[in-house]
Amino acid sequence: MSAPLRLVLFDVDGTLVDSQGSIVAAMTASFQALSLPVPDRQAILSIVGLSLPTAMAQLASDQSNSVQHSLVEGYKQAYHANRLKMGAASSPLYPGARDVIEELHAVPEVLLGVATGKSQRGLDALIEAHALERYFVTRQVADHHPSKPHPSMIDTARSETGVEASDTVMIGDTRFDMDMAQAAGVAGIGVSWGYHDRSALNGAACIIETFDQLPRALDHIWT
């Protein structure tokens, strides 16, 4: 009997790449452009993973919808400009990420995907910058879904790949990822190197400290 198809979904910012410098710089620029007080670094990192309008509604909850919209547009422009200037260096892969992606990709029954609060444009540029085009068979982005922790991204990835919930795992660094996994009825694996404290990763089947621990953690869930 052949092994069932498995689906491994990765969050991006704080899980695959360390983009905190770019995120904080772009958020700072967008608030400064409107002469608003800039949220502190911890507050900015706490919303990473949410869709931009949802994130901005939290960071600028005392501002009108039109000001929040202007902040979102300012953020996009600043982030895009930074990426054009710095290329792949604006969001370097975490140590071991590429090796593990290649190792998992080499297993015939394992499919890889992405579920991210990034835009389509942002994700496509990142994947191209790191030459990861051939690895991810499903790419779910903020443009087409409600913000995490709504399960829509995982549900759509599963429907695109035909993989059962019991054979799907979500990898992420924030409570939004773990809550989304729970909402979609799939296992979640937390990573300790991202932007939320490990105490926020409630509901994770396990938490890994380094990328090379991921294949064994997946085996553990699937056996």
# chains A, B, ... in the order shown; residues from 1 in each chain; ligands from 1
>>> residues_around(residues="range 67-72 of chain A", least_positions_apart="4", cutoff="9 Å", atoms="only C-alpha atoms", output="list of chain:residue names")
A:Met27, A:Ser30, A:Phe31, A:Ala33, A:Leu34, A:Leu52, A:Pro53, A:Met56, A:Ala57, A:Ala60, A:Ser61, A:Gln63, A:Lys76, A:Gln77
>>> residues_around(residues="range 208-212 of chain A", least_positions_apart="6", cutoff="12 Å", atoms="only C-alpha atoms", output="PyMOL selection string")
chain A and resi 10+15-17+93-104+171-173+188-194+198+201+218
>>> closest_residue(among="A:Val48, A:Ala81, A:Val163, A:Val38", to="Asp13 in chain A", atoms="only C-alpha atoms")
A:Val48
>>> atom_distance(atom1="CA of Ser166 in chain A", atom2="CA of Gly14 in chain A")
25.0 Å
>>> atom_distance(atom1="CA of Val186 in chain A", atom2="CA of Leu5 in chain A")
14.3 Å
>>> closest_residue(among="A:Ala165, A:Ala142, A:Val8, A:Ala55", to="Ser119 in chain A", atoms="only C-alpha atoms")
A:Ala142
>>> closest_residue(among="A:Ser64, A:Gln42, A:Gln120, A:Thr138", to="Leu9 in chain A", atoms="only C-alpha atoms")
A:Thr138
>>> atom_distance(atom1="CA of Gly122 in chain A", atom2="CA of Ser199 in chain A")
28.9 Å
>>> select_by_dssp(residues="range 84-187 of chain A", states="strand (DSSP E or B)", output="PDB file with C-alpha atoms, in the first residue's frame")
ATOM      1  CA  LEU A  93      16.422  32.479   5.324  1.00  0.00           C
ATOM      2  CA  VAL A 110       5.389  15.017   0.950  1.00  0.00           C
ATOM      3  CA  LEU A 111       3.987  18.217  -0.568  1.00  0.00           C
ATOM      4  CA  LEU A 112       5.149  21.632   0.630  1.00  0.00           C
ATOM      5  CA  GLY A 113       3.149  24.830   0.793  1.00  0.00           C
ATOM      6  CA  VAL A 114       3.042  28.310   2.270  1.00  0.00           C
ATOM      7  CA  ALA A 115       0.356  30.052   4.355  1.00  0.00           C
ATOM      8  CA  PHE A 136       5.951  24.972  -2.952  1.00  0.00           C
ATOM      9  CA  VAL A 137       2.963  23.421  -4.715  1.00  0.00           C
ATOM     10  CA  THR A 138       0.412  25.624  -2.937  1.00  0.00           C
ATOM     11  CA  ARG A 139       0.871  29.259  -1.890  1.00  0.00           C
ATOM     12  CA  GLN A 140      -1.807  30.902   0.252  1.00  0.00           C
ATOM     13  CA  THR A 168      -1.457  18.087   7.153  1.00  0.00           C
ATOM     14  CA  VAL A 169       0.863  20.034   9.488  1.00  0.00           C
ATOM     15  CA  MET A 170       1.224  23.807   9.890  1.00  0.00           C
ATOM     16  CA  ILE A 171       4.659  25.166  10.882  1.00  0.00           C
ATOM     17  CA  GLY A 172       4.760  28.639  12.415  1.00  0.00           C
ATOM     18  CA  ALA A 187      -1.488  19.616  13.794  1.00  0.00           C
TER      19      ALA A 187
END
>>> select_by_dssp(residues="range 41-156 of chain A", states="helix (DSSP H, G or I)", output="number ranges by chain")
A: 41-46, 52-59, 65-90, 97-105, 120-129, 142-144, 152-156
>>> residues_around(residues="Gly117 in chain A", least_positions_apart="3", cutoff="6 Å", atoms="only C-alpha atoms", output="ChimeraX atom specification")
/A:49-51,141-142
>>> residues_around(residues="Asp40 in chain A", least_positions_apart="6", cutoff="10 Å", atoms="only C-alpha atoms", output="JSON, numbers by chain")
{"A": [24, 28, 59]}
>>> write_last_selection(atoms="N, CA, C and O atoms", output="PDB file, in the first residue's frame")
ATOM      1  N   VAL A  24       9.974  46.182  10.714  1.00  0.00           N
ATOM      2  CA  VAL A  24      10.035  47.303  11.660  1.00  0.00           C
ATOM      3  C   VAL A  24      10.359  48.607  10.926  1.00  0.00           C
ATOM      4  O   VAL A  24       9.755  49.652  11.188  1.00  0.00           O
ATOM      5  N   THR A  28       7.831  51.734  10.746  1.00  0.00           N
ATOM      6  CA  THR A  28       8.320  53.021  11.255  1.00  0.00           C
ATOM      7  C   THR A  28       8.121  54.112  10.208  1.00  0.00           C
ATOM      8  O   THR A  28       7.610  55.202  10.505  1.00  0.00           O
ATOM      9  N   LEU A  59      -2.488  48.096  15.690  1.00  0.00           N
ATOM     10  CA  LEU A  59      -1.393  49.025  16.029  1.00  0.00           C
ATOM     11  C   LEU A  59      -1.877  50.476  16.111  1.00  0.00           C
ATOM     12  O   LEU A  59      -1.309  51.278  16.843  1.00  0.00           O
TER      13      LEU A  59
END
>>> closest_residue(among="A:Pro215, A:His145, A:Glu164, A:Gln182", to="Ala106 in chain A", atoms="only C-alpha atoms")
A:Pro215
>>> closest_residue(among="A:Thr161, A:Ile23, A:Ile154, A:Trp222", to="Asp11 in chain A", atoms="only C-alpha atoms")
A:Ile154
